[in-house]
file work-v2.cif (mmCIF, C-alpha atoms)
data_data
loop_
_atom_site.label_atom_id
_atom_site.label_comp_id
_atom_site.auth_asym_id
_atom_site.auth_seq_id
_atom_site.Cartn_x
_atom_site.Cartn_y
_atom_site.Cartn_z
CA MET Z 197 -36.13 -6.73 19.63
CA ASN Z 198 -37.95 -3.76 18.16
CA PRO Z 199 -40.19 -5.10 15.31
CA GLU Z 200 -39.45 -1.91 13.35
CA ALA Z 201 -35.69 -2.52 13.37
CA PRO Z 202 -35.56 -4.92 10.37
CA ARG Z 203 -37.72 -2.55 8.37
CA ARG Z 204 -35.43 0.35 9.20
CA LEU Z 205 -32.38 -1.64 8.14
CA ILE Z 206 -34.05 -2.46 4.82
CA ASP Z 207 -34.91 1.20 4.28
CA ILE Z 208 -31.30 2.18 4.99
CA TRP Z 209 -30.01 -0.44 2.54
CA VAL Z 210 -32.41 0.68 -0.19
CA TYR Z 211 -31.30 4.27 0.29
CA LEU Z 212 -27.60 3.41 0.21
CA ALA Z 213 -27.98 1.14 -2.81
CA ALA Z 214 -29.37 4.05 -4.82
CA THR Z 215 -26.53 6.41 -3.94
CA PRO Z 216 -22.74 6.47 -4.36
CA LEU Z 217 -22.50 6.06 -0.56
CA LEU Z 218 -22.91 2.31 -0.98
CA GLY Z 219 -19.29 1.81 -2.04
CA LEU Z 220 -18.05 3.95 0.86
CA THR Z 221 -20.28 2.19 3.39
CA LEU Z 222 -19.28 -1.29 2.26
CA THR Z 223 -15.59 -0.39 2.30
CA LEU Z 224 -15.73 0.99 5.83
CA LEU Z 225 -17.83 -1.88 7.21
CA VAL Z 226 -15.73 -4.63 5.66
CA TYR Z 227 -12.45 -3.01 6.68
CA HIS Z 228 -13.72 -2.43 10.23
CA ALA Z 229 -14.66 -6.11 10.55
CA ALA Z 230 -11.25 -7.17 9.21
CA PHE Z 231 -9.48 -4.75 11.55
CA VAL Z 232 -11.37 -6.11 14.57
CA LEU Z 233 -10.06 -9.58 13.73
CA TYR Z 234 -6.60 -8.10 13.21
CA ARG Z 235 -6.68 -6.48 16.65
CA ARG Z 236 -7.91 -9.67 18.32
CA SER Z 237 -4.95 -11.50 16.79
CA GLY Z 238 -2.62 -9.12 18.58
CA PHE Z 239 -1.85 -7.34 15.29
CA HIS Z 240 -0.20 -10.44 13.89
CA PRO Z 241 1.21 -9.69 10.41
CA LEU Z 242 -0.56 -12.66 8.86
CA ALA Z 243 -3.91 -11.19 9.93
CA ASN Z 244 -3.34 -7.92 8.04
CA PRO Z 245 -6.81 -6.49 7.25
CA VAL Z 246 -6.06 -5.37 3.68
CA PRO Z 247 -6.16 -8.78 1.88
CA PRO Z 248 -9.48 -9.95 3.40
CA THR Z 249 -11.04 -6.53 2.76
CA VAL Z 250 -10.05 -6.62 -0.92
CA LEU Z 251 -11.22 -10.23 -1.26
CA VAL Z 252 -14.61 -9.62 0.36
CA LEU Z 253 -15.27 -6.44 -1.64
CA ALA Z 254 -14.23 -8.08 -4.91
CA THR Z 255 -16.50 -11.05 -4.15
CA LEU Z 256 -19.43 -8.75 -3.38
CA LEU Z 257 -18.95 -6.78 -6.60
CA TRP Z 258 -18.71 -10.00 -8.62
CA ALA Z 259 -21.73 -11.62 -6.92
CA THR Z 260 -23.95 -8.56 -7.40
CA GLY Z 261 -22.69 -7.74 -10.89
CA THR Z 262 -21.71 -4.26 -9.75
CA PRO Z 263 -19.27 -2.47 -12.10
CA TYR Z 264 -16.11 -1.22 -10.43
CA ALA Z 265 -16.84 2.31 -11.70
CA THR Z 266 -20.15 2.29 -9.81
CA TYR Z 267 -18.46 1.11 -6.62
CA PHE Z 268 -15.71 3.72 -6.96
CA GLU Z 269 -18.22 6.58 -7.12
CA GLY Z 270 -18.55 6.24 -3.36
CA ALA Z 271 -15.22 4.67 -2.47
CA GLN Z 272 -13.36 7.59 -4.07
CA PHE Z 273 -13.81 9.50 -0.79
CA VAL Z 274 -11.45 7.00 0.86
CA HIS Z 275 -9.09 7.38 -2.10
CA PHE Z 276 -9.15 11.16 -1.68
CA LEU Z 277 -8.04 10.84 1.94
CA LEU Z 278 -4.77 9.22 0.86
CA GLY Z 279 -3.41 12.70 0.12
CA PRO Z 280 -4.10 14.27 3.55
CA VAL Z 281 -2.95 11.10 5.32
CA THR Z 282 0.35 11.14 3.43
CA VAL Z 283 0.90 14.80 4.33
CA ALA Z 284 0.07 14.01 7.97
CA LEU Z 285 3.06 11.65 8.07
CA ALA Z 286 5.19 14.80 8.33
CA VAL Z 287 4.10 15.22 11.97
CA PRO Z 288 5.85 12.15 13.45
CA LEU Z 289 8.70 12.72 11.01
CA PHE Z 290 9.24 16.24 12.40
CA GLU Z 291 9.62 14.74 15.88
CA GLN Z 292 12.56 12.71 14.54
CA LEU Z 293 14.22 15.74 12.93
CA HIS Z 294 17.28 15.57 15.18
CA ARG Z 295 18.02 12.01 14.02
CA LEU Z 296 17.26 12.81 10.39
CA ARG Z 297 19.96 15.47 10.28
CA ARG Z 298 22.51 13.00 11.62
CA LEU Z 299 21.45 10.13 9.36
CA ALA Z 300 20.70 12.10 6.18
CA LEU Z 301 23.55 10.66 4.09
CA PRO Z 302 23.10 6.97 5.06
CA LEU Z 303 19.35 7.22 4.56
CA LEU Z 304 19.71 8.77 1.12
CA ALA Z 305 22.22 6.12 0.08
CA ALA Z 306 19.94 3.36 1.38
CA ARG Z 307 16.98 4.84 -0.45
CA VAL Z 308 18.86 4.99 -3.77
CA ALA Z 309 20.13 1.43 -3.35
CA GLY Z 310 16.66 0.19 -2.39
CA ALA Z 311 15.01 1.85 -5.36
CA LEU Z 312 17.50 0.42 -7.83
CA ALA Z 313 17.40 -3.05 -6.29
CA ALA Z 314 13.60 -3.22 -6.17
CA ALA Z 315 13.19 -2.24 -9.81
CA ALA Z 316 16.15 -4.13 -11.24
CA THR Z 317 15.43 -7.44 -9.50
CA ALA Z 318 11.78 -7.32 -10.55
CA ILE Z 319 12.65 -6.69 -14.20
CA VAL Z 320 15.48 -9.25 -14.37
CA VAL Z 321 13.52 -12.03 -12.64
CA ALA Z 322 10.51 -11.40 -14.87
CA TRP Z 323 12.77 -11.44 -17.95
CA ALA Z 324 14.35 -14.72 -16.84
CA LEU Z 325 10.87 -16.23 -16.52
CA GLY Z 326 9.97 -15.14 -20.04
CA ALA Z 327 7.66 -12.23 -19.22
CA SER Z 328 6.60 -9.81 -21.94
CA PRO Z 329 8.11 -6.29 -22.10
CA ALA Z 330 4.78 -4.82 -20.95
CA THR Z 331 4.73 -7.09 -17.90
CA MET Z 332 8.33 -6.21 -17.02
CA ALA Z 333 7.54 -2.50 -17.33
CA SER Z 334 4.49 -2.99 -15.11
CA LEU Z 335 6.64 -4.69 -12.47
CA ALA Z 336 9.38 -2.04 -12.34
CA PRO Z 337 7.56 0.46 -10.06
CA LYS Z 338 5.91 -2.17 -7.80
CA SER Z 339 7.51 -0.75 -4.64
CA VAL Z 340 6.32 2.83 -5.24
CA THR Z 341 3.09 4.26 -3.85
CA MET Z 342 0.23 3.45 -6.23
CA PRO Z 343 -0.58 6.82 -7.92
CA VAL Z 344 3.09 7.42 -8.74
CA ALA Z 345 3.67 3.79 -9.74
CA MET Z 346 0.78 3.83 -12.22
CA GLY Z 347 2.11 7.02 -13.83
CA ILE Z 348 5.62 5.56 -14.15
CA SER Z 349 4.22 2.30 -15.57
CA GLU Z 350 2.27 4.12 -18.27
CA LYS Z 351 5.31 6.22 -19.22
CA ILE Z 352 7.62 3.22 -19.75
CA GLY Z 353 5.10 1.08 -21.64
CA GLY Z 354 3.57 -0.89 -18.79
CA LEU Z 355 -0.05 -1.60 -17.93
CA PRO Z 356 -1.21 0.74 -15.12
CA SER Z 357 -4.02 -1.61 -14.05
CA LEU Z 358 -1.56 -4.49 -13.69
CA THR Z 359 0.86 -2.23 -11.84
CA ALA Z 360 -1.88 -1.33 -9.35
CA VAL Z 361 -2.40 -5.02 -8.54
CA LEU Z 362 1.35 -5.60 -8.22
CA VAL Z 363 1.77 -2.57 -5.95
CA MET Z 364 -1.00 -3.84 -3.69
CA ALA Z 365 0.50 -7.34 -3.59
CA THR Z 366 3.98 -5.97 -2.84
CA GLY Z 367 2.67 -3.85 0.01
CA VAL Z 368 0.76 -6.74 1.57
CA LEU Z 369 3.69 -9.16 1.24
CA GLY Z 370 6.07 -6.60 2.73
CA ALA Z 371 3.76 -5.83 5.65
CA VAL Z 372 3.11 -9.53 6.33
CA GLY Z 373 6.63 -10.88 5.90
CA GLY Z 374 8.74 -7.90 6.94
CA ARG Z 375 8.70 -8.62 10.67
CA PHE Z 376 9.76 -12.23 10.22
CA LEU Z 377 12.60 -11.25 7.90
CA PHE Z 378 13.85 -8.51 10.23
CA ASP Z 379 13.75 -10.87 13.22
CA ALA Z 380 15.62 -13.55 11.25
CA LEU Z 381 18.29 -10.96 10.36
CA ARG Z 382 18.33 -9.75 13.99
CA LEU Z 383 17.47 -6.25 12.85
CA HIS Z 384 15.86 -4.63 15.88
CA GLU Z 385 16.55 -0.92 15.34
CA PRO Z 386 13.10 0.74 14.86
CA ALA Z 387 14.39 3.35 12.42
CA ALA Z 388 16.02 0.73 10.19
CA ARG Z 389 12.97 -1.57 10.28
CA GLY Z 390 10.64 1.30 9.46
CA PHE Z 391 12.80 2.69 6.67
CA ALA Z 392 13.06 -0.75 5.07
CA LEU Z 393 9.30 -1.27 5.24
CA GLY Z 394 8.61 2.13 3.70
CA THR Z 395 11.17 1.45 0.97
CA ILE Z 396 9.78 -1.86 -0.21
CA ALA Z 397 6.13 -1.85 0.90
CA HIS Z 398 5.10 1.85 0.54
CA GLY Z 399 1.82 2.84 2.28
CA ILE Z 400 0.78 -0.58 3.58
CA GLY Z 401 4.27 -1.15 4.96
CA THR Z 402 4.20 2.30 6.57
CA ALA Z 403 0.92 1.50 8.29
CA ARG Z 404 2.47 -1.70 9.60
CA ALA Z 405 5.56 0.21 10.78
CA PHE Z 406 3.41 2.57 12.85
CA GLN Z 407 2.06 -0.45 14.70
CA GLU Z 408 5.62 -1.19 15.77
CA GLY Z 409 6.08 2.34 17.07
CA GLU Z 410 6.15 6.04 16.24
CA GLU Z 411 9.84 5.98 15.36
CA ALA Z 412 9.51 3.09 12.91
CA GLY Z 413 6.43 4.72 11.37
CA ALA Z 414 8.15 8.08 10.95
CA PHE Z 415 11.10 6.57 9.09
CA ALA Z 416 8.78 4.42 6.98
CA GLY Z 417 6.89 7.56 5.96
CA LEU Z 418 10.16 9.24 5.04
CA ALA Z 419 11.20 6.26 2.90
CA MET Z 420 7.83 6.19 1.15
CA GLY Z 421 8.02 9.90 0.31
CA LEU Z 422 11.61 9.71 -0.91
CA SER Z 423 10.71 6.64 -2.95
CA ALA Z 424 7.93 8.45 -4.77
CA LEU Z 425 10.19 11.44 -5.52
CA LEU Z 426 13.26 9.46 -6.53
CA ASN Z 427 11.44 6.91 -8.65
CA ALA Z 428 9.38 9.55 -10.44
CA LEU Z 429 12.59 11.35 -11.42
CA VAL Z 430 14.93 8.52 -12.39
CA LEU Z 431 13.04 5.22 -12.72
CA PRO Z 432 11.48 5.86 -16.17
CA SER Z 433 14.86 6.37 -17.85
CA LEU Z 434 16.64 3.62 -15.90
CA ALA Z 435 13.86 1.08 -16.45
CA ALA Z 436 13.66 1.91 -20.14
CA ALA Z 437 17.43 1.46 -20.48
CA LEU Z 438 17.39 -1.89 -18.67
CA LEU Z 439 14.42 -3.14 -20.67
CA GLY Z 440 16.14 -2.13 -23.90
CA TRP Z 441 19.36 -3.91 -22.90
CA LEU Z 442 17.50 -7.09 -21.95
CA SER Z 443 15.57 -7.00 -25.22
CA ARG Z 444 18.78 -6.72 -27.22
CA GLY Z 445 20.35 -9.51 -25.18
CA ALA Z 446 17.35 -11.76 -25.84
#

call {"tool": "encode", "arguments": {"input": "work-v2.cif", "output": "structure tokens"}}
result
Amino acid sequence: MNPEAPRRLIDIWVYLAATPLLGLTLTLLVYHAAFVLYRRSGFHPLANPVPPTVLVLATLLWATGTPYATYFEGAQFVHFLLGPVTVALAVPLFEQLHRLRRLALPLLAARVAGALAAAATAIVVAWALGASPATMASLAPKSVTMPVAMGISEKIGGLPSLTAVLVMATGVLGAVGGRFLFDALRLHEPAARGFALGTIAHGIGTARAFQEGEEAGAFAGLAMGLSALLNALVLPSLAAALLGWLSRGA
């Protein structure tokens, strides 16, 4: 082993620690390690790389006393790429254009039903368990992609930071448990599996759908995009009405 190698590694660490690149570097390294394990498991849903990546990064920030704002100075580059990646989902979707034209009405109906069911069940279950109005409002957009969900949460009186956690948890649970549920229901059609994953588990579910195939991924991307649009337009008023009705009933 080159005796200069440890010294070089230390120099690199010192440099990174003094720049915003530290957050970016840690995020990429930890996710890469988690993804390697995910691949070795044969892409088993229970080995999804997102939960261990979040856990390791949170532990590192806590152990080193690093404020989240400091970490995000570098990690924001990954956050920025969410926009281009979402737009890039249009490419596989375009390849399914012939099926989209034929299935437009059923897909739209399924998307409306999924949006209403996801929000209504979350609010009603939370109400039945005695949750506060702010918690119920934070839960309502849990199946929407995070930037949109946080905006909706703030508008209807929720806590955007809590919504972010709930969105992440929903995506992970959907990506992990979706395959088992679909198999139990004997749902094998790739388009249906993908659309369901995109409806309930947004970006993380869409990533999982792409691992099942291009067709499933394309329909998951469509569901995620429609979810963001539909929920941004109608969820604030519907959630506010349901929360008001439950409050009066209580």

call {"tool": "atom_distance", "arguments": {"input": "work-v2.cif", "atom1": "atom CA of Thr260 of chain Z", "atom2": "atom CA of Pro245 of chain Z"}}
result
22.6 Å

call {"tool": "resolve_selection", "arguments": {"input": "work-v2.cif", "expression": "the PyMOL selection byres ((chain Z and resi 219) around 10)", "output": "mmCIF file with C-alpha atoms, keeping the file's coordinate frame"}}
result
data_model
loop_
_atom_site.group_PDB
_atom_site.id
_atom_site.type_symbol
_atom_site.label_atom_id
_atom_site.label_comp_id
_atom_site.auth_asym_id
_atom_site.auth_seq_id
_atom_site.Cartn_x
_atom_site.Cartn_y
_atom_site.Cartn_z
ATOM 1 C CA LEU Z 212 -27.600 3.410 0.210
ATOM 2 C CA ALA Z 213 -27.980 1.140 -2.810
ATOM 3 C CA THR Z 215 -26.530 6.410 -3.940
ATOM 4 C CA PRO Z 216 -22.740 6.470 -4.360
ATOM 5 C CA LEU Z 217 -22.500 6.060 -0.560
ATOM 6 C CA LEU Z 218 -22.910 2.310 -0.980
ATOM 7 C CA LEU Z 220 -18.050 3.950 0.860
ATOM 8 C CA THR Z 221 -20.280 2.190 3.390
ATOM 9 C CA LEU Z 222 -19.280 -1.290 2.260
ATOM 10 C CA THR Z 223 -15.590 -0.390 2.300
ATOM 11 C CA LEU Z 224 -15.730 0.990 5.830
ATOM 12 C CA LEU Z 253 -15.270 -6.440 -1.640
ATOM 13 C CA LEU Z 257 -18.950 -6.780 -6.600
ATOM 14 C CA TYR Z 264 -16.110 -1.220 -10.430
ATOM 15 C CA ALA Z 265 -16.840 2.310 -11.700
ATOM 16 C CA THR Z 266 -20.150 2.290 -9.810
ATOM 17 C CA TYR Z 267 -18.460 1.110 -6.620
ATOM 18 C CA PHE Z 268 -15.710 3.720 -6.960
ATOM 19 C CA GLU Z 269 -18.220 6.580 -7.120
ATOM 20 C CA GLY Z 270 -18.550 6.240 -3.360
ATOM 21 C CA ALA Z 271 -15.220 4.670 -2.470
ATOM 22 C CA GLN Z 272 -13.360 7.590 -4.070
ATOM 23 C CA PHE Z 273 -13.810 9.500 -0.790
ATOM 24 C CA VAL Z 274 -11.450 7.000 0.860
#

call {"tool": "resolve_selection", "arguments": {"input": "work-v2.cif", "expression": "the PyMOL selection byres ((chain Z and resi 342) around 9)", "output": "PDB file with C-alpha atoms, in the frame of the given file"}}
result
ATOM      1  CA  PRO Z 337       7.560   0.460 -10.060  1.00  0.00           C
ATOM      2  CA  LYS Z 338       5.910  -2.170  -7.800  1.00  0.00           C
ATOM      3  CA  SER Z 339       7.510  -0.750  -4.640  1.00  0.00           C
ATOM      4  CA  VAL Z 340       6.320   2.830  -5.240  1.00  0.00           C
ATOM      5  CA  THR Z 341       3.090   4.260  -3.850  1.00  0.00           C
ATOM      6  CA  PRO Z 343      -0.580   6.820  -7.920  1.00  0.00           C
ATOM      7  CA  VAL Z 344       3.090   7.420  -8.740  1.00  0.00           C
ATOM      8  CA  ALA Z 345       3.670   3.790  -9.740  1.00  0.00           C
ATOM      9  CA  MET Z 346       0.780   3.830 -12.220  1.00  0.00           C
ATOM     10  CA  GLY Z 347       2.110   7.020 -13.830  1.00  0.00           C
ATOM     11  CA  THR Z 359       0.860  -2.230 -11.840  1.00  0.00           C
ATOM     12  CA  ALA Z 360      -1.880  -1.330  -9.350  1.00  0.00           C
ATOM     13  CA  VAL Z 363       1.770  -2.570  -5.950  1.00  0.00           C
ATOM     14  CA  MET Z 364      -1.000  -3.840  -3.690  1.00  0.00           C
ATOM     15  CA  HIS Z 398       5.100   1.850   0.540  1.00  0.00           C
ATOM     16  CA  GLY Z 399       1.820   2.840   2.280  1.00  0.00           C
TER      17      GLY Z 399
END

call {"tool": "closest_residue", "arguments": {"input": "work-v2.cif", "among": "Z:Pro263, Z:Pro302, Z:Tyr227, Z:Phe239", "to": "Leu251 of chain Z", "atoms": "all atoms listed in the file"}}
result
Z:Tyr227

call {"tool": "residues_near_point", "arguments": {"input": "work-v2.cif", "point": "(1.0, -11.2, 9.4)", "cutoff": "8 Å", "atoms": "all atoms listed in the file", "output": "list in words"}}
result
Phe239, His240, Pro241, Leu242, Ala243, Asn244, Ala371, Val372 and Gly373 of chain Z

call {"tool": "atom_distance", "arguments": {"input": "work-v2.cif", "atom1": "atom CA of Gly413 of chain Z", "atom2": "atom CA of Ala315 of chain Z"}}
result
23.3 Å

call {"tool": "axis_aligned_box", "arguments": {"input": "work-v2.cif", "around": "segment 345-355 of chain Z", "padding_each_side": "3 Å", "output": "AutoDock Vina command-line options"}}
result
--center_x 3.8 --center_y 2.7 --center_z -15.7 --size_x 13.7 --size_y 14.6 --size_z 17.9

call {"tool": "atom_distance", "arguments": {"input": "work-v2.cif", "atom1": "atom CA of Glu408 of chain Z", "atom2": "atom CA of Ala318 of chain Z"}}
result
27.7 Å

call {"tool": "decode", "arguments": {"input": "work-v2.cif", "residues": "segment 255-268 of chain Z", "atoms": "N, CA, C and O atoms", "output": "PDB file, in the first residue's frame"}}
result
ATOM      1  N   THR Z 255     -27.844   9.647  11.444  1.00  0.00           N
ATOM      2  CA  THR Z 255     -26.950   9.262  12.541  1.00  0.00           C
ATOM      3  C   THR Z 255     -25.639  10.040  12.466  1.00  0.00           C
ATOM      4  O   THR Z 255     -25.114  10.506  13.492  1.00  0.00           O
ATOM      5  N   LEU Z 256     -25.108  10.194  11.263  1.00  0.00           N
ATOM      6  CA  LEU Z 256     -23.860  10.943  11.094  1.00  0.00           C
ATOM      7  C   LEU Z 256     -24.034  12.416  11.491  1.00  0.00           C
ATOM      8  O   LEU Z 256     -23.173  12.990  12.158  1.00  0.00           O
ATOM      9  N   LEU Z 257     -25.139  13.011  11.077  1.00  0.00           N
ATOM     10  CA  LEU Z 257     -25.392  14.411  11.428  1.00  0.00           C
ATOM     11  C   LEU Z 257     -25.540  14.569  12.940  1.00  0.00           C
ATOM     12  O   LEU Z 257     -25.019  15.521  13.538  1.00  0.00           O
ATOM     13  N   TRP Z 258     -26.251  13.627  13.562  1.00  0.00           N
ATOM     14  CA  TRP Z 258     -26.440  13.685  15.013  1.00  0.00           C
ATOM     15  C   TRP Z 258     -25.116  13.470  15.745  1.00  0.00           C
ATOM     16  O   TRP Z 258     -24.798  14.190  16.696  1.00  0.00           O
ATOM     17  N   ALA Z 259     -24.323  12.499  15.309  1.00  0.00           N
ATOM     18  CA  ALA Z 259     -23.071  12.166  15.991  1.00  0.00           C
ATOM     19  C   ALA Z 259     -22.046  13.277  15.877  1.00  0.00           C
ATOM     20  O   ALA Z 259     -21.231  13.498  16.792  1.00  0.00           O
ATOM     21  N   THR Z 260     -22.059  13.994  14.753  1.00  0.00           N
ATOM     22  CA  THR Z 260     -21.073  15.061  14.542  1.00  0.00           C
ATOM     23  C   THR Z 260     -21.604  16.432  14.934  1.00  0.00           C
ATOM     24  O   THR Z 260     -20.871  17.415  14.852  1.00  0.00           O
ATOM     25  N   GLY Z 261     -22.882  16.489  15.337  1.00  0.00           N
ATOM     26  CA  GLY Z 261     -23.463  17.776  15.705  1.00  0.00           C
ATOM     27  C   GLY Z 261     -23.594  18.728  14.536  1.00  0.00           C
ATOM     28  O   GLY Z 261     -23.569  19.955  14.712  1.00  0.00           O
ATOM     29  N   THR Z 262     -23.754  18.180  13.339  1.00  0.00           N
ATOM     30  CA  THR Z 262     -23.855  19.004  12.133  1.00  0.00           C
ATOM     31  C   THR Z 262     -25.288  19.462  11.914  1.00  0.00           C
ATOM     32  O   THR Z 262     -26.197  18.628  11.826  1.00  0.00           O
ATOM     33  N   PRO Z 263     -25.545  20.757  11.840  1.00  0.00           N
ATOM     34  CA  PRO Z 263     -26.911  21.237  11.574  1.00  0.00           C
ATOM     35  C   PRO Z 263     -27.385  20.785  10.196  1.00  0.00           C
ATOM     36  O   PRO Z 263     -26.591  20.687   9.254  1.00  0.00           O
ATOM     37  N   TYR Z 264     -28.675  20.526  10.092  1.00  0.00           N
ATOM     38  CA  TYR Z 264     -29.221  20.079   8.807  1.00  0.00           C
ATOM     39  C   TYR Z 264     -28.984  21.123   7.717  1.00  0.00           C
ATOM     40  O   TYR Z 264     -28.720  20.775   6.564  1.00  0.00           O
ATOM     41  N   ALA Z 265     -29.072  22.401   8.080  1.00  0.00           N
ATOM     42  CA  ALA Z 265     -28.870  23.477   7.095  1.00  0.00           C
ATOM     43  C   ALA Z 265     -27.476  23.405   6.489  1.00  0.00           C
ATOM     44  O   ALA Z 265     -27.278  23.641   5.293  1.00  0.00           O
ATOM     45  N   THR Z 266     -26.477  23.070   7.319  1.00  0.00           N
ATOM     46  CA  THR Z 266     -25.109  22.936   6.822  1.00  0.00           C
ATOM     47  C   THR Z 266     -24.997  21.770   5.854  1.00  0.00           C
ATOM     48  O   THR Z 266     -24.380  21.872   4.797  1.00  0.00           O
ATOM     49  N   TYR Z 267     -25.600  20.652   6.228  1.00  0.00           N
ATOM     50  CA  TYR Z 267     -25.588  19.468   5.356  1.00  0.00           C
ATOM     51  C   TYR Z 267     -26.267  19.779   4.023  1.00  0.00           C
ATOM     52  O   TYR Z 267     -25.787  19.399   2.956  1.00  0.00           O
ATOM     53  N   PHE Z 268     -27.400  20.500   4.084  1.00  0.00           N
ATOM     54  CA  PHE Z 268     -28.188  20.740   2.881  1.00  0.00           C
ATOM     55  C   PHE Z 268     -27.504  21.688   1.907  1.00  0.00           C
ATOM     56  O   PHE Z 268     -27.840  21.702   0.724  1.00  0.00           O
TER      57      PHE Z 268
END
